[in-house]
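**Q** Input file: start_4.cif. Contents: mmCIF, C-alpha atoms.
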```cif
data_model
#
loop_
_atom_site.label_atom_id
_atom_site.label_comp_id
_atom_site.auth_asym_id
_atom_site.auth_seq_id
_atom_site.Cartn_x
_atom_site.Cartn_y
_atom_site.Cartn_z
CA MET A 1 29.11 31.62 -35.27
CA LYS A 2 25.94 32.32 -37.23
CA THR A 3 25.19 28.59 -37.46
CA ARG A 4 25.67 28.18 -33.72
CA SER A 5 23.36 31.14 -32.99
CA LEU A 6 20.71 29.72 -35.30
CA LEU A 7 20.90 26.32 -33.62
CA THR A 8 20.66 27.96 -30.20
CA LEU A 9 17.61 29.92 -31.31
CA LEU A 10 15.94 26.79 -32.70
CA LEU A 11 16.55 24.93 -29.42
CA ILE A 12 15.09 27.81 -27.45
CA MET A 13 12.01 27.93 -29.69
CA ALA A 14 11.52 24.18 -29.32
CA CYS A 15 11.82 24.49 -25.55
CA MET A 16 9.32 27.36 -25.48
CA ALA A 17 6.85 25.29 -27.49
CA LEU A 18 7.17 22.40 -25.00
CA SER A 19 6.91 24.76 -22.04
CA ALA A 20 3.63 26.13 -23.34
CA GLN A 21 2.04 22.69 -22.95
CA GLU A 22 0.48 21.25 -19.80
CA ILE A 23 2.64 18.66 -18.08
CA SER A 24 1.67 15.95 -15.62
CA THR A 25 2.93 15.58 -12.07
CA LYS A 26 4.99 12.59 -13.19
CA GLN A 27 6.61 14.63 -15.97
CA ALA A 28 7.29 17.51 -13.58
CA LEU A 29 8.96 15.20 -11.05
CA LYS A 30 11.12 13.77 -13.84
CA LEU A 31 12.22 17.27 -14.82
CA ILE A 32 13.01 18.06 -11.20
CA LYS A 33 15.08 14.88 -10.83
CA LYS A 34 16.91 15.13 -14.16
CA SER A 35 17.99 18.73 -14.66
CA ARG A 36 19.58 17.94 -18.04
CA LEU A 37 16.04 17.57 -19.43
CA ARG A 38 15.17 21.10 -18.40
CA CYS A 39 15.17 24.18 -20.60
CA SER A 40 18.56 25.83 -20.48
CA ARG A 41 18.93 28.30 -17.61
CA PRO A 42 20.63 31.63 -18.45
CA ASP A 43 23.54 32.28 -16.12
CA PHE A 44 21.91 35.36 -14.57
CA MET A 45 18.97 33.23 -13.34
CA SER A 46 21.29 30.92 -11.36
CA ASP A 47 22.53 33.32 -8.68
CA ASP A 48 21.58 36.71 -7.22
CA HIS A 49 25.07 38.17 -7.56
CA LYS A 50 25.36 37.00 -11.17
CA CYS A 51 21.95 38.51 -11.84
CA MET A 52 22.96 41.87 -10.40
CA ASP A 53 26.21 41.89 -12.35
CA PHE A 54 24.31 41.05 -15.54
CA ILE A 55 21.79 43.86 -14.96
CA TYR A 56 24.59 46.43 -14.63
CA GLU A 57 26.30 45.23 -17.83
CA MET A 58 23.16 44.49 -19.87
CA GLY A 59 23.26 47.79 -21.78
CA LYS A 60 26.60 46.84 -23.34
CA LEU A 61 25.16 43.75 -25.05
CA ASP A 62 24.36 43.63 -28.73
CA ILE A 63 20.57 43.84 -29.20
CA GLY A 64 20.49 40.47 -30.97
CA LYS A 65 22.43 38.78 -28.16
CA LEU A 66 20.19 40.30 -25.51
CA GLU A 67 17.08 39.04 -27.32
CA GLU A 68 18.59 35.57 -27.52
CA ILE A 69 19.20 35.57 -23.76
CA ALA A 70 15.69 36.93 -23.17
CA LYS A 71 14.13 34.11 -25.22
CA SER A 72 16.11 31.54 -23.26
CA ALA A 73 14.97 33.13 -19.97
CA GLU A 74 11.33 33.18 -21.14
CA ALA A 75 11.52 29.48 -22.03
CA ARG A 76 12.99 28.60 -18.63
CA GLN A 77 10.42 30.75 -16.85
CA ALA A 78 7.52 29.17 -18.75
CA GLN A 79 8.73 25.69 -17.87
CA ASN A 80 9.19 26.70 -14.23
CA GLN A 81 5.56 27.77 -14.11
CA GLN A 82 4.41 24.47 -15.60
CA ILE A 83 6.43 22.49 -13.04
CA SER A 84 5.13 24.60 -10.15
CA LYS A 85 1.55 24.09 -11.29
CA ALA A 86 1.98 20.33 -11.74
CA VAL A 87 3.44 19.71 -8.27
CA ALA A 88 1.47 22.33 -6.35
CA HIS A 89 -0.72 19.66 -4.71
CA LEU A 90 2.23 17.69 -3.33
CA LYS A 91 3.15 17.99 0.33
CA GLU A 92 5.94 20.41 1.17
CA SER A 93 7.37 17.63 3.34
CA GLU A 94 8.68 16.03 0.16
CA GLU A 95 12.10 17.59 0.46
CA HIS A 96 13.24 17.37 -3.16
CA VAL A 97 10.02 19.02 -4.35
CA ALA A 98 10.22 21.78 -1.75
CA LYS A 99 13.83 22.44 -2.70
CA ALA A 100 12.96 22.59 -6.39
CA LEU A 101 10.07 24.99 -5.75
CA GLU A 102 12.33 27.27 -3.71
CA GLN A 103 14.82 27.32 -6.59
CA ILE A 104 12.01 28.11 -9.02
CA HIS A 105 10.85 30.93 -6.74
CA ARG A 106 14.33 32.44 -6.69
CA GLU A 107 14.60 32.14 -10.48
CA GLN A 108 11.23 33.90 -10.75
CA ILE A 109 12.55 36.89 -8.77
CA ARG A 110 15.65 37.11 -10.97
CA TYR A 111 13.62 36.76 -14.16
CA ASP A 112 11.14 39.48 -13.12
CA PHE A 113 14.03 41.80 -12.23
CA PHE A 114 15.67 41.14 -15.60
CA ALA A 115 12.40 41.68 -17.49
CA SER A 116 11.71 45.02 -15.77
CA GLN A 117 15.26 46.28 -16.39
CA LYS A 118 15.11 45.15 -20.02
CA ARG A 119 11.93 47.19 -20.49
CA GLU A 120 13.69 50.22 -18.99
CA LEU A 121 16.68 49.71 -21.27
CA GLU A 122 14.40 49.57 -24.33
CA ALA A 123 12.64 52.75 -23.20
CA ASP A 124 16.04 54.44 -22.75
CA ARG A 125 17.14 53.48 -26.26
CA GLU A 126 13.88 54.77 -27.68
CA ALA A 127 14.32 58.07 -25.83
CA MET A 128 17.89 58.53 -27.06
CA SER A 129 16.72 58.19 -30.67
CA ARG A 130 13.63 60.38 -30.21
CA GLN A 131 13.18 63.04 -32.90
CA ALA A 132 12.86 66.70 -31.94
CA PRO A 133 9.24 67.77 -31.38
CA THR A 134 7.79 69.81 -34.22
CA SER A 135 4.62 70.82 -32.41
CA PRO A 136 4.43 73.81 -30.01
CA LEU A 137 5.09 73.24 -26.33
CA VAL A 138 1.78 73.69 -24.45
CA ARG A 139 2.70 72.59 -20.94
CA VAL A 140 5.83 72.12 -18.86
CA HIS A 141 5.83 70.92 -15.26
CA TYR A 142 8.78 70.64 -12.90
CA SER A 143 9.02 69.59 -9.28
CA GLU A 144 11.76 68.58 -6.92
CA GLY A 145 11.86 67.51 -3.33
CA GLY A 146 14.29 66.55 -0.65
CA MET A 147 15.44 67.60 2.77
CA MET A 148 15.11 71.30 1.99
CA TYR A 149 11.77 73.06 1.57
CA ASN A 150 11.37 75.06 -1.65
CA PRO A 151 8.30 77.36 -1.77
CA MET A 152 8.48 77.48 -5.60
CA MET A 153 7.75 73.77 -5.99
CA PRO A 154 6.01 72.46 -7.94
CA MET A 155 6.15 74.80 -10.95
CA GLU A 156 3.98 74.65 -14.06
CA ILE A 157 3.54 76.78 -17.17
CA SER A 158 0.80 75.94 -19.66
CA LYS A 159 -1.48 77.23 -22.39
CA SER A 160 -5.01 77.90 -21.12
CA GLU A 161 -8.19 77.07 -23.03
CA ASP A 162 -8.49 80.69 -24.17
CA GLY A 163 -4.92 80.66 -25.51
CA LYS A 164 -3.24 82.55 -22.70
CA VAL A 165 0.04 81.43 -21.12
CA VAL A 166 -0.52 80.80 -17.42
CA GLY A 167 1.77 79.71 -14.63
CA SER A 168 1.62 78.43 -11.09
CA CYS A 169 4.08 77.61 -8.36
CA GLY A 170 4.02 76.51 -4.77
CA ARG A 171 1.37 74.71 -2.78
CA ASP A 172 -1.82 76.52 -3.79
CA GLY A 173 -1.37 75.86 -7.53
CA ALA A 174 -3.41 78.94 -8.49
CA LYS A 175 -2.86 79.72 -12.18
CA LYS A 176 -2.12 83.29 -13.22
CA GLU A 177 -1.36 84.84 -16.58
CA ILE A 178 2.37 85.32 -17.21
CA ASP A 179 4.69 86.50 -20.02
CA PRO A 180 3.29 85.00 -23.27
CA LYS A 181 6.83 84.25 -24.49
CA ALA A 182 7.44 81.74 -21.67
CA LEU A 183 6.43 78.53 -23.44
CA ASP A 184 8.11 79.52 -26.73
CA GLU A 185 11.40 80.33 -24.99
CA ILE A 186 11.38 77.17 -22.89
CA GLY A 187 10.45 75.18 -26.02
CA LYS A 188 13.48 76.60 -27.82
CA LEU A 189 15.74 75.66 -24.92
CA ILE A 190 14.42 72.10 -25.00
CA ILE A 191 15.23 71.82 -28.71
CA GLU A 192 18.63 73.53 -28.52
CA ARG A 193 19.84 71.41 -25.60
CA LYS A 194 18.13 68.25 -26.93
CA ILE A 195 16.34 67.88 -23.62
CA TYR A 196 13.65 65.92 -25.48
CA THR A 197 16.09 62.96 -25.48
CA LEU A 198 16.13 62.70 -21.67
CA LEU A 199 15.73 59.14 -20.46
CA PRO A 200 12.47 58.26 -18.65
CA SER A 201 14.30 57.42 -15.43
CA TYR A 202 17.48 58.44 -13.66
CA HIS A 203 16.65 56.50 -10.52
CA MET A 204 19.06 54.15 -8.78
CA ILE A 205 18.65 50.45 -9.53
CA LYS A 206 16.85 48.98 -6.52
CA SER A 207 17.51 45.28 -6.05
CA PRO A 208 14.62 42.92 -5.22
CA LEU A 209 17.13 40.05 -4.94
CA PRO A 210 17.20 38.42 -1.46
CA ASP A 211 21.01 38.06 -1.40
CA ILE A 212 21.68 41.66 -2.49
CA PRO A 213 21.06 44.38 0.12
CA GLU A 214 18.68 47.05 -1.16
CA VAL A 215 20.22 50.50 -1.57
CA ILE A 216 18.02 53.10 0.11
CA MET A 217 18.56 56.83 -0.36
CA LEU A 218 17.81 58.53 2.95
CA ASP A 219 18.33 62.11 1.81
CA GLY A 220 19.23 64.00 -1.34
CA MET A 221 16.93 65.33 -4.03
CA ALA A 222 14.41 63.78 -6.40
CA TRP A 223 13.09 65.65 -9.44
CA HIS A 224 10.33 65.23 -12.03
CA LEU A 225 9.92 66.94 -15.43
CA GLU A 226 6.99 66.77 -17.87
CA MET A 227 6.88 68.35 -21.34
CA GLU A 228 3.61 68.27 -23.29
CA TYR A 229 3.12 69.34 -26.91
CA ALA A 230 0.11 70.44 -28.96
CA ASP A 231 0.04 67.18 -30.95
CA GLY A 232 -0.38 65.17 -27.74
CA THR A 233 3.25 64.11 -27.39
CA THR A 234 4.26 63.96 -23.73
CA ILE A 235 7.83 63.44 -22.54
CA ILE A 236 8.36 62.56 -18.88
CA SER A 237 11.64 62.17 -17.05
CA SER A 238 12.48 61.88 -13.36
CA GLY A 239 15.30 60.83 -11.14
CA GLU A 240 17.26 60.79 -7.92
CA HIS A 241 20.51 61.94 -9.44
CA SER A 242 21.51 64.67 -11.86
CA THR A 243 21.46 64.37 -15.66
CA GLY A 244 23.81 67.32 -15.96
CA GLU A 245 22.89 70.98 -16.25
CA ASP A 246 20.06 70.72 -18.79
CA VAL A 247 17.20 69.90 -16.42
CA GLY A 248 18.44 72.67 -14.15
CA LYS A 249 18.33 75.12 -17.06
CA VAL A 250 14.64 74.31 -17.70
CA ALA A 251 13.86 74.70 -14.00
CA GLY A 252 15.83 77.96 -13.86
CA MET A 253 14.02 79.47 -16.85
CA MET A 254 10.66 78.44 -15.39
CA ALA A 255 11.58 80.00 -12.06
CA ASP A 256 12.51 83.27 -13.79
CA TYR A 257 9.09 83.48 -15.46
CA LEU A 258 7.28 82.55 -12.24
CA LYS A 259 9.33 84.39 -9.61
CA HIS A 260 6.78 87.19 -9.26
CA LEU A 261 4.20 84.53 -8.35
CA SER A 262 6.37 82.97 -5.63
CA PRO A 263 4.16 82.33 -2.60
CA ASN A 264 7.16 82.78 -0.29
CA GLN A 265 5.33 80.73 2.30
CA GLU A 266 6.75 79.81 5.67
CA ARG A 267 7.23 76.08 6.13
CA ARG A 268 4.25 74.58 7.89
#
```
Let me see the structure of the file written as structure tokens.

**A**
Amino acid sequence: MKTRSLLTLLLIMACMALSAQEISTKQALKLIKKSRLRCSRPDFMSDDHKCMDFIYEMGKLDIGKLEEIAKSAEARQAQNQQISKAVAHLKESEEHVAKALEQIHREQIRYDFFASQKRELEADREAMSRQAPTSPLVRVHYSEGGMMYNPMMPMEISKSEDGKVVGSCGRDGAKKEIDPKALDEIGKLIIERKIYTLLPSYHMIKSPLPDIPEVIMLDGMAWHLEMEYADGTTIISSGEHSTGEDVGKVAGMMADYLKHLSPNQERR
């Protein structure tokens, strides 16, 4: 198995090297006509439904296997770009060229979707292995929105330039001095509940694939949390669905410290 993986990797690297070179119109037309001469196409780039299925299962793949697939996709994508550039001046009336360019366009959409989701997966894995902050919490911001108006949103507690703990909530955002223990207590909660390992995004996967209907959330709640530390570390997480009770606990503690500042405004 190791030998086969090595051979596959070498073939991919060779294909990437060739794809980095300029090709002539004649060479591009040959590649269009004889698909066996093309860089190997990963299965997810062949069909929208296969791409969507792959995206949902991608996190289960071994990191090495995922990188191998990514290299293969990059090689195919690079060659696609070279072909597109080489035949761009040809008339669209040449049916086989137009068909090939449409296929390349669809592969581009699938590749871009894969690349963006792979970046999110890598960010998620980095977040899950993030070490607990050792620097004091100096700012925490929380907001949520949806069909229901909440006069407390957004909420923020931070350390002012003169060292005081200040808070704000609601639309005006005016900062007022609050209980000096607020940031320390919220900081402890973040450490105890390991809230610092929250993933960057808890949003639904939105498909850009033409054959897959886009899922649109018409109501419900979206939330956003920012935690900033004295050493410059900033942790940001947001989403359209719940991560469990931990984010709610941060929001609840913030609300307790800020409740006397509540603007209690009527909806305008």

**Q** Using all atoms listed in the file, find the one residue out of A:Ser24, A:Thr197, A:Ser46, A:Gln77 that sits nearest to Gln131 of chain A.

**A**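 The shortest atom-to-atom distance to Gln131 of chain A comes from A:Thr197.
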
**Q** Would you pick out the contacts of Ala115 of chain A at 12 Å or less, using all atoms listed in the file, so that residues sharing its chain but fewer than 5 positions from it are not included, and give the list as a list in words?

**A**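 Skipping anything fewer than 5 positions along the chain leaves Phe44, Met45, Cys51, Ile55, Met58, Leu66, Glu67, Ile69, Ala70, Lys71, Ala73, Glu74, Gln77, Gln108, Ile109, Arg110, Glu120, Leu121 and Glu122 of chain A.
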
**Q** Mind dumping the selected residues with C-alpha atoms as an mmCIF file, in the frame of the given file?

**A**
```cif
data_model
loop_
_atom_site.group_PDB
_atom_site.id
_atom_site.type_symbol
_atom_site.label_atom_id
_atom_site.label_comp_id
_atom_site.auth_asym_id
_atom_site.auth_seq_id
_atom_site.Cartn_x
_atom_site.Cartn_y
_atom_site.Cartn_z
ATOM 1 C CA PHE A 44 21.910 35.360 -14.570
ATOM 2 C CA MET A 45 18.970 33.230 -13.340
ATOM 3 C CA CYS A 51 21.950 38.510 -11.840
ATOM 4 C CA ILE A 55 21.790 43.860 -14.960
ATOM 5 C CA MET A 58 23.160 44.490 -19.870
ATOM 6 C CA LEU A 66 20.190 40.300 -25.510
ATOM 7 C CA GLU A 67 17.080 39.040 -27.320
ATOM 8 C CA ILE A 69 19.200 35.570 -23.760
ATOM 9 C CA ALA A 70 15.690 36.930 -23.170
ATOM 10 C CA LYS A 71 14.130 34.110 -25.220
ATOM 11 C CA ALA A 73 14.970 33.130 -19.970
ATOM 12 C CA GLU A 74 11.330 33.180 -21.140
ATOM 13 C CA GLN A 77 10.420 30.750 -16.850
ATOM 14 C CA GLN A 108 11.230 33.900 -10.750
ATOM 15 C CA ILE A 109 12.550 36.890 -8.770
ATOM 16 C CA ARG A 110 15.650 37.110 -10.970
ATOM 17 C CA GLU A 120 13.690 50.220 -18.990
ATOM 18 C CA LEU A 121 16.680 49.710 -21.270
ATOM 19 C CA GLU A 122 14.400 49.570 -24.330
#
```

**Q** Residues within 12 Å of Ala123 of chain A, please, as a list in words. Count all atoms listed in the file; anything in the same chain fewer than 2 positions from it doesn't count.

**A** Gly59, Ser116, Gln117, Lys118, Arg119, Glu120, Leu121, Arg125, Glu126, Ala127, Met128, Ser129, Arg130, Thr197, Leu198, Leu199, Pro200, Ser201, Ile235, Ile236 and Ser237 of chain A

**Q** Using the chain letters and numbers from the file, give me the residues hit by the PyMOL selection byres ((chain A and resi 191) around 12), as a list of chain:residue names.

**A**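 This file, filtered by the PyMOL selection byres ((chain A and resi 191) around 12), leaves A:Arg130, A:Gln131, A:Ala132, A:Pro133, A:Thr134, A:Ser135, A:Pro136, A:Leu137, A:Asp184, A:Glu185, A:Ile186, A:Gly187, A:Lys188, A:Leu189, A:Ile190, A:Glu192, A:Arg193, A:Lys194, A:Ile195, A:Tyr196, A:Thr197, A:Leu198, A:Met227, A:Asp246, A:Val250.
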
**Q** List the residues sitting within 10 Å of (5.2, 71.2, -19.7) in the file's frame, using only C-alpha atoms, as a list in words.

**A** Leu137, Val138, Arg139, Val140, His141, Tyr142, Met155, Glu156, Ile157, Ser158, Lys159, Leu183, Ile186, Gly187, Leu225, Glu226, Met227, Glu228, Tyr229, Thr234, Ile235 and Ile236 of chain A

**Q** I would like the residues chosen by the PyMOL selection byres ((chain A and resi 105) around 12) on the shown file; could you give them as a list in words?

**A**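 In the shown coordinates, the PyMOL selection byres ((chain A and resi 105) around 12) covers Met45, Ser46, Gln77, Asn80, Gln81, Ile83, Ser84, Ala98, Lys99, Ala100, Leu101, Glu102, Gln103, Ile104, Arg106, Glu107, Gln108, Ile109, Arg110, Tyr111, Asp112, Leu209 and Pro210 of chain A.
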
**Q** Counting only C-alpha atoms, figure out which residue out of A:Leu261, A:Ile23, A:Met52, A:Met147 gets nearest to Ala222 of chain A.

**A** A:Met147

**Q** Using only C-alpha atoms, which protein or nucleic acid residues come within 10 Å of Leu258 of chain A? Drop anything in the same chain fewer than 3 positions from it, and give the result as number ranges by chain.

**A** A: 152, 155-157, 166-169, 176-179, 182, 252-255, 261-262

**Q** Could you state the separation of atom CA of Gly163 of chain A and atom CA of Lys181 of chain A in Å, given to one decimal place?

**A**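 Computed distance, atom CA of Gly163 of chain A to atom CA of Lys181 of chain A, equals 12.3 Å.
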